[in-house]
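In what follows, a structure is listed as structure tokens, so that the remarks can point back to it.
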Amino acid sequence: MATAAEWIEGARPRTLPNAIAPVLAGTGAAASIGGAVWWKAILALLVSLALIVGVNYANDYSDGIRGTDDVRVGPLRLVGSKLASPTAVRNAAILSLAIGAVAGLVLAVTTAWWLVVLGAVCLAGAWFYTGGSKPYGYSGFGEIAVFVFFGLIAVLGTQYVQALRVDWVGLLLAIGVGAFSSAVLVANNLRDIPTDTEAGKVTLAVKLGDARTRTLHLMLLVAPFVISLALVARTPWALAGLLALPLAIRANAPVRTGKGGLELIPALRDSGLALLVWSALSALAVGLG
């Protein structure tokens with residue numbers, strides 16, 4: 001049976017910046033229009049964390065039962081490595097998603113009931129990324145889903161539940177967070193091109209090929225810093241986001257130098273770190289500026 005440490009590793013803690021960053025950005029955007037509400041920010045963070053852990057366990061379960069993770073060069077997978085039963089991992093995914101659903105329901109009740117529909121869409125997106133008979137993550141739509149769910153919806157949703165409206169600052173921050181989050185997945189899928197191709201998992205990286213996937217990673221990392229320049233229209237302090245640039249350069253280093261396999265893992269870690277720092281600095285800038 002898997003140990004507690006292995007269950008934690010199976011939850012993929014390196015992806016947690018993808019859950020924390022949009023809440024930071026959305027809260028900063030809400031504060032910029034005078035609408036930050038601390039307890040709603042905490043609930044939004046709980047929703048985001050629960051959903052990403054649920055997605056990760058659901059991905060572990062679905063890929064594991066399909067045999068996609070039988071040959072792997074990346075971090076631990078519970079089902080693929082046979083450390084935990086598919087049923088146990090599936091139940092962990094359901095529990096995580098249920099926690100997110102309950103927290104989201106509280107936000108909907110205290111904000112707007114139509115958010116229940118949006119929450120249901122998010123839950124479906126989490127499960128059917130690799131689950132079901134035709135998972136969209138196997139058809140090259142993973143990066144688009146990450147951009148939408150952990151960028152646009154997460155940031156603008158966080159801003160809306162606090163300020164009861166969204167604005168162009170929130171939208172720009174959502175695009176920046178979405179670009180960074182997609183860069184994390186691009187680095188992951190670049191690493192997995194050989195094994196995904198063999199397993200029949202047609203990710204965007206498999207479709208684009210190695211060289212164009214590396215170019216895409218660079219473009220996604222550049223986009224948030226362009227947004228930092230655009231946010232100067234709200235406050236000159238938005239330039240603080242540029243302080244995350246060295247982290248983005250470091251994140252892209254293994255990609256632009258042609259590394260593969262395990263040597264690409266730092267690209268995932270540093271893309272997530274750049275995301276978190278950029279989001280925190282940008283949120284602080286627009287929130288206080």
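Labeling convention for the structure tokens: chains A, B, ... as they appear, residues from 1 per chain, ligands from 1 in order of appearance.
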7 Å contact set for range 274-289 of chain A, only C-alpha atoms, chain neighbours under 5 positions out, as a ChimeraX atom specification: /A:17,21,24-25,28-29,31-32,177,180,235,237-238,240-241,244,247-248
Given the selection you just returned, output its residues as a file containing all heavy atoms, formatted as a CSV table (one decimal), in the first residue's frame.
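The resulting file, again.csv, is reproduced below:
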```
chain,number,residue,atom,x,y,z
A,17,PRO,N,1.1,25.6,-7.3
A,17,PRO,CA,1.1,27.0,-7.8
A,17,PRO,C,0.1,27.4,-8.8
A,17,PRO,O,-0.4,28.5,-8.8
A,17,PRO,CB,2.5,27.2,-8.4
A,17,PRO,CG,3.4,26.2,-7.6
A,17,PRO,CD,2.5,25.0,-7.4
A,21,ALA,N,-1.9,30.6,-7.6
A,21,ALA,CA,-1.7,31.8,-8.3
A,21,ALA,C,-3.0,32.5,-8.8
A,21,ALA,O,-3.1,33.7,-8.7
A,21,ALA,CB,-0.8,31.5,-9.5
A,24,LEU,N,-4.6,34.4,-6.0
A,24,LEU,CA,-3.9,35.6,-5.7
A,24,LEU,C,-4.2,36.7,-6.7
A,24,LEU,O,-4.5,37.9,-6.3
A,24,LEU,CB,-2.4,35.4,-5.7
A,24,LEU,CG,-1.8,34.5,-4.5
A,24,LEU,CD1,-0.3,34.2,-4.8
A,24,LEU,CD2,-2.0,35.1,-3.2
A,25,ALA,N,-4.1,36.4,-8.0
A,25,ALA,CA,-4.4,37.3,-9.0
A,25,ALA,C,-5.8,37.9,-9.0
A,25,ALA,O,-6.0,39.1,-9.1
A,25,ALA,CB,-4.1,36.7,-10.4
A,28,GLY,N,-6.2,40.2,-6.0
A,28,GLY,CA,-5.6,41.5,-6.3
A,28,GLY,C,-6.5,42.3,-7.3
A,28,GLY,O,-6.6,43.5,-7.1
A,29,ALA,N,-7.1,41.7,-8.3
A,29,ALA,CA,-7.9,42.4,-9.2
A,29,ALA,C,-9.2,42.9,-8.5
A,29,ALA,O,-9.7,44.0,-8.8
A,29,ALA,CB,-8.3,41.4,-10.3
A,31,ALA,N,-9.3,43.7,-5.3
A,31,ALA,CA,-8.9,44.8,-4.4
A,31,ALA,C,-8.7,46.1,-5.3
A,31,ALA,O,-8.9,47.2,-4.8
A,31,ALA,CB,-7.6,44.4,-3.7
A,32,SER,N,-8.3,45.9,-6.5
A,32,SER,CA,-8.0,47.1,-7.3
A,32,SER,C,-9.3,47.9,-7.6
A,32,SER,O,-9.3,49.0,-8.0
A,32,SER,CB,-7.4,46.6,-8.7
A,32,SER,OG,-8.3,46.0,-9.6
A,177,VAL,N,-2.0,34.5,-16.0
A,177,VAL,CA,-2.0,33.2,-15.2
A,177,VAL,C,-2.2,32.0,-16.1
A,177,VAL,O,-1.6,31.0,-16.0
A,177,VAL,CB,-3.0,33.3,-14.1
A,177,VAL,CG1,-3.2,32.0,-13.4
A,177,VAL,CG2,-2.6,34.4,-13.1
A,180,PHE,N,0.9,31.1,-18.1
A,180,PHE,CA,1.9,30.4,-17.2
A,180,PHE,C,1.5,29.0,-16.9
A,180,PHE,O,2.3,28.1,-17.0
A,180,PHE,CB,2.1,31.2,-15.9
A,180,PHE,CG,3.2,32.1,-15.9
A,180,PHE,CD1,3.1,33.5,-15.5
A,180,PHE,CD2,4.5,31.7,-16.2
A,180,PHE,CE1,4.1,34.3,-15.4
A,180,PHE,CE2,5.6,32.6,-16.2
A,180,PHE,CZ,5.4,33.9,-15.8
A,235,THR,N,-1.5,51.0,-13.0
A,235,THR,CA,-0.5,51.4,-12.0
A,235,THR,C,0.9,51.1,-12.4
A,235,THR,O,1.2,50.0,-12.9
A,235,THR,CB,-0.7,50.8,-10.6
A,235,THR,OG1,0.3,51.1,-9.7
A,235,THR,CG2,-0.8,49.3,-10.7
A,237,TRP,N,3.3,50.4,-10.6
A,237,TRP,CA,3.8,49.3,-9.8
A,237,TRP,C,3.6,47.9,-10.5
A,237,TRP,O,4.2,47.0,-10.0
A,237,TRP,CB,3.1,49.3,-8.5
A,237,TRP,CG,3.5,50.5,-7.6
A,237,TRP,CD1,2.8,51.6,-7.3
A,237,TRP,CD2,4.8,50.7,-7.0
A,237,TRP,NE1,3.5,52.5,-6.5
A,237,TRP,CE2,4.7,52.0,-6.3
A,237,TRP,CE3,6.0,50.0,-6.9
A,237,TRP,CZ2,5.8,52.5,-5.6
A,237,TRP,CZ3,7.0,50.5,-6.2
A,237,TRP,CH2,6.9,51.7,-5.5
A,238,ALA,N,2.8,47.9,-11.5
A,238,ALA,CA,2.7,46.6,-12.2
A,238,ALA,C,4.0,46.1,-12.8
A,238,ALA,O,4.1,44.9,-13.1
A,238,ALA,CB,1.6,46.7,-13.3
A,240,ALA,N,6.4,45.6,-11.3
A,240,ALA,CA,7.0,44.6,-10.3
A,240,ALA,C,6.9,43.2,-10.8
A,240,ALA,O,7.8,42.3,-10.5
A,240,ALA,CB,6.3,44.7,-9.0
A,241,GLY,N,5.9,42.9,-11.7
A,241,GLY,CA,5.8,41.6,-12.2
A,241,GLY,C,7.0,41.1,-13.0
A,241,GLY,O,7.3,39.9,-13.1
A,244,ALA,N,9.8,38.6,-11.9
A,244,ALA,CA,9.7,37.1,-12.1
A,244,ALA,C,10.4,36.7,-13.3
A,244,ALA,O,10.5,35.5,-13.6
A,244,ALA,CB,8.3,36.7,-12.1
A,247,LEU,N,13.2,34.0,-13.2
A,247,LEU,CA,12.6,32.6,-13.0
A,247,LEU,C,12.1,32.0,-14.3
A,247,LEU,O,12.2,30.8,-14.5
A,247,LEU,CB,11.5,32.7,-11.9
A,247,LEU,CG,11.9,33.1,-10.5
A,247,LEU,CD1,10.7,33.3,-9.6
A,247,LEU,CD2,12.8,32.0,-9.9
A,248,ALA,N,11.4,32.8,-15.1
A,248,ALA,CA,10.9,32.4,-16.4
A,248,ALA,C,12.0,32.0,-17.3
A,248,ALA,O,11.9,31.0,-18.0
A,248,ALA,CB,10.0,33.4,-17.0
```
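Shell of Arg14 in chain A at 8 Å, with only C-alpha atoms counted and residues fewer than 4 places along the chain excluded, is Leu268, Arg269 and Gly272 of chain A.
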So that I can check the surroundings of range 121-135 of chain A, please list as a short mmCIF file (atom, residue, chain, number, x, y, z; two decimals) with all heavy atoms, in the first residue's frame every protein, DNA and RNA residue that reaches within 6 Å of it, counting only C-alpha atoms and ignoring chain neighbours fewer than 4 positions away.
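Now in part-v3.cif:
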```cif
data_model
loop_
_atom_site.label_atom_id
_atom_site.label_comp_id
_atom_site.auth_asym_id
_atom_site.auth_seq_id
_atom_site.Cartn_x
_atom_site.Cartn_y
_atom_site.Cartn_z
N VAL A 55 -8.11 16.77 -9.88
CA VAL A 55 -7.68 16.56 -11.27
C VAL A 55 -6.48 15.62 -11.32
O VAL A 55 -6.42 14.70 -12.14
CB VAL A 55 -7.34 17.89 -11.96
CG1 VAL A 55 -6.61 17.64 -13.27
CG2 VAL A 55 -8.60 18.69 -12.22
N ASN A 59 -6.49 12.06 -13.00
CA ASN A 59 -5.56 11.80 -14.10
C ASN A 59 -4.76 10.53 -13.82
O ASN A 59 -4.56 9.68 -14.70
CB ASN A 59 -4.63 13.01 -14.26
CG ASN A 59 -3.76 12.91 -15.49
OD1 ASN A 59 -4.01 12.09 -16.38
ND2 ASN A 59 -2.74 13.74 -15.55
N SER A 62 -7.23 7.55 -14.29
CA SER A 62 -7.63 7.27 -15.68
C SER A 62 -6.45 6.81 -16.54
O SER A 62 -6.57 5.87 -17.32
CB SER A 62 -8.28 8.52 -16.29
OG SER A 62 -9.46 8.86 -15.59
#
```
Alpha helix (DSSP H) call set, DSSP backbone run, range 144-289 of chain A, as JSON, numbers by chain: {"A": [144, 145, 146, 147, 154, 155, 156, 157, 158, 159, 160, 161, 162, 163, 168, 169, 170, 171, 172, 173, 174, 175, 176, 177, 178, 179, 180, 181, 182, 183, 184, 185, 186, 187, 188, 189, 190, 191, 193, 194, 195, 196, 197, 198, 199, 204, 205, 206, 207, 208, 210, 211, 212, 213, 214, 215, 216, 217, 218, 219, 220, 221, 222, 223, 224, 225, 226, 227, 228, 229, 230, 245, 246, 247, 248, 249, 250, 251, 252, 253, 254, 255, 256, 265, 266, 267, 268, 269, 270, 271, 272, 273, 274, 275, 276, 277, 278, 279, 280, 281, 282, 283, 284, 285, 286, 287, 288]}
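The list of residues with at least one atom within 12 Å of Ile8 in chain A, based on only C-alpha atoms and without residues fewer than 4 positions apart in the same chain, reads Ala2, Thr3, Ala4, Arg12, Pro13, Arg14, Thr15, Leu16, Val53, Asn56, Tyr57, Pro75, Leu76, Arg77, Leu78, Val89 and Ala92 of chain A.
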Go ahead and write the selection's residues with C-alpha atoms as an mmCIF file, in the first residue's frame.
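Listed below is the output, again01.cif:
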```
data_model
loop_
_atom_site.group_PDB
_atom_site.id
_atom_site.type_symbol
_atom_site.label_atom_id
_atom_site.label_comp_id
_atom_site.auth_asym_id
_atom_site.auth_seq_id
_atom_site.Cartn_x
_atom_site.Cartn_y
_atom_site.Cartn_z
ATOM 1 C CA ALA A 2 1.121 3.535 -0.700
ATOM 2 C CA THR A 3 2.584 5.490 2.200
ATOM 3 C CA ALA A 4 1.349 8.930 3.200
ATOM 4 C CA ARG A 12 1.553 16.344 -7.485
ATOM 5 C CA PRO A 13 2.433 19.185 -5.114
ATOM 6 C CA ARG A 14 4.508 20.830 -7.856
ATOM 7 C CA THR A 15 1.226 21.774 -9.540
ATOM 8 C CA LEU A 16 -0.140 23.639 -6.507
ATOM 9 C CA VAL A 53 -5.649 17.751 -6.403
ATOM 10 C CA ASN A 56 -4.300 15.050 -10.453
ATOM 11 C CA TYR A 57 -5.741 11.983 -8.754
ATOM 12 C CA PRO A 75 7.185 11.786 -11.067
ATOM 13 C CA LEU A 76 5.390 8.987 -9.243
ATOM 14 C CA ARG A 77 1.984 7.759 -10.379
ATOM 15 C CA LEU A 78 0.089 5.685 -7.847
ATOM 16 C CA VAL A 89 -7.111 6.636 -6.265
ATOM 17 C CA ALA A 92 -9.352 10.143 -3.522
#
```
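The nearest approach to Val47 in chain A among the residues A:Gly119, A:Gly35, A:Pro86, A:Gly26, with only C-alpha atoms taken into account, belongs to A:Gly119.
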Can you tell me, as a short mmCIF file (atom, residue, chain, number, x, y, z; two decimals) with N, CA, C and O atoms, in the first residue's frame, what residues are no more than 7 Å from Leu190 in chain A when counting only C-alpha atoms, ignoring any on the same chain fewer than 6 positions away?
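Written file, out.cif:
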```cif
data_model
loop_
_atom_site.label_atom_id
_atom_site.label_comp_id
_atom_site.auth_asym_id
_atom_site.auth_seq_id
_atom_site.Cartn_x
_atom_site.Cartn_y
_atom_site.Cartn_z
N ALA A 205 1.42 18.56 -27.54
CA ALA A 205 2.85 18.39 -27.80
C ALA A 205 3.09 17.30 -28.85
O ALA A 205 3.96 17.44 -29.72
N ASP A 210 8.32 18.02 -31.28
CA ASP A 210 9.27 18.51 -30.29
C ASP A 210 9.64 19.98 -30.49
O ASP A 210 9.55 20.80 -29.57
N THR A 213 6.78 22.56 -29.95
CA THR A 213 6.36 22.58 -28.55
C THR A 213 7.32 23.42 -27.72
O THR A 213 6.90 24.16 -26.82
#
```
Pick from A:Leu218, A:Ala230, A:Leu83, A:Ala120, whichever lies nearest to Trp168 in chain A using only C-alpha atoms: A:Ala230
Within 12 Å of Phe147 in chain A using only C-alpha atoms, minus same-chain residues under 5 positions, as a VMD selection string: chain A and resid 18 22 141 to 142 152 to 155 173 to 186 220
Keeping C-alpha atoms, export the residues of the selection given above as a PDB file, in the first residue's frame.
```pdb
ATOM      1  CA  ASN A  18      -1.379  26.588 -10.599  1.00  0.00           C
ATOM      2  CA  PRO A  22      -5.162  32.482  -9.860  1.00  0.00           C
ATOM      3  CA  PHE A 141      -7.109  20.137 -25.725  1.00  0.00           C
ATOM      4  CA  GLY A 142      -5.329  19.935 -22.376  1.00  0.00           C
ATOM      5  CA  LEU A 152      -9.832  32.743 -17.141  1.00  0.00           C
ATOM      6  CA  ILE A 153     -12.385  31.051 -14.886  1.00  0.00           C
ATOM      7  CA  ALA A 154     -10.234  30.846 -11.753  1.00  0.00           C
ATOM      8  CA  VAL A 155      -8.979  34.440 -11.830  1.00  0.00           C
ATOM      9  CA  LEU A 173      -4.239  38.908 -15.084  1.00  0.00           C
ATOM     10  CA  ALA A 174      -6.349  35.888 -16.065  1.00  0.00           C
ATOM     11  CA  ILE A 175      -4.600  35.692 -19.432  1.00  0.00           C
ATOM     12  CA  GLY A 176      -1.188  35.925 -17.778  1.00  0.00           C
ATOM     13  CA  VAL A 177      -1.982  33.236 -15.225  1.00  0.00           C
ATOM     14  CA  GLY A 178      -3.488  31.038 -17.930  1.00  0.00           C
ATOM     15  CA  ALA A 179      -0.379  31.394 -20.088  1.00  0.00           C
ATOM     16  CA  PHE A 180       1.910  30.425 -17.230  1.00  0.00           C
ATOM     17  CA  SER A 181      -0.312  27.494 -16.216  1.00  0.00           C
ATOM     18  CA  SER A 182      -0.369  26.240 -19.794  1.00  0.00           C
ATOM     19  CA  ALA A 183       3.432  26.529 -19.921  1.00  0.00           C
ATOM     20  CA  VAL A 184       3.652  24.104 -16.997  1.00  0.00           C
ATOM     21  CA  LEU A 185       1.550  21.548 -18.892  1.00  0.00           C
ATOM     22  CA  VAL A 186       3.463  22.150 -22.119  1.00  0.00           C
ATOM     23  CA  LEU A 220       3.638  31.242 -23.132  1.00  0.00           C
TER      24      LEU A 220
END
```
Who sits within 8 Å of Ala50 in chain A, only C-alpha atoms, same chain under 2 positions skipped, as an MDAnalysis selection string: chainID A and resid 46:48 52:54 96:97 99:100
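Atom pair CA of Val255 in chain A / CA of Leu216 in chain A has a distance of 10.2 Å (rounded to one decimal).
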Top pick for closest residue to Tyr160 in chain A, considering A:Gly67, A:Gly10, A:Gly80, A:Gly34 and counting only C-alpha atoms: A:Gly34
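The spacing separating CA of Ile249 in chain A from CA of Leu262 in chain A amounts to 18.7 Å.
Going from CA of Ile65 in chain A to CA of Ala199 in chain A covers 12.1 Å.
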Minimum-distance residue to Arg165 in chain A, chosen among A:Ile33, A:Lys82, A:Asn189, A:Met219 (using only C-alpha atoms): A:Ile33
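Comparing the minimum interatomic distances between Thr215 in chain A and each of A:Thr195, A:Thr27, A:Ser228, A:Thr257, counting only C-alpha atoms, we find that A:Thr257 sits nearest.
Candidate residues A:Leu204, A:Ala253, A:Leu171, A:Ala5 were compared for distance to Thr158 in chain A, and the nearest is A:Leu171, using only C-alpha atoms.
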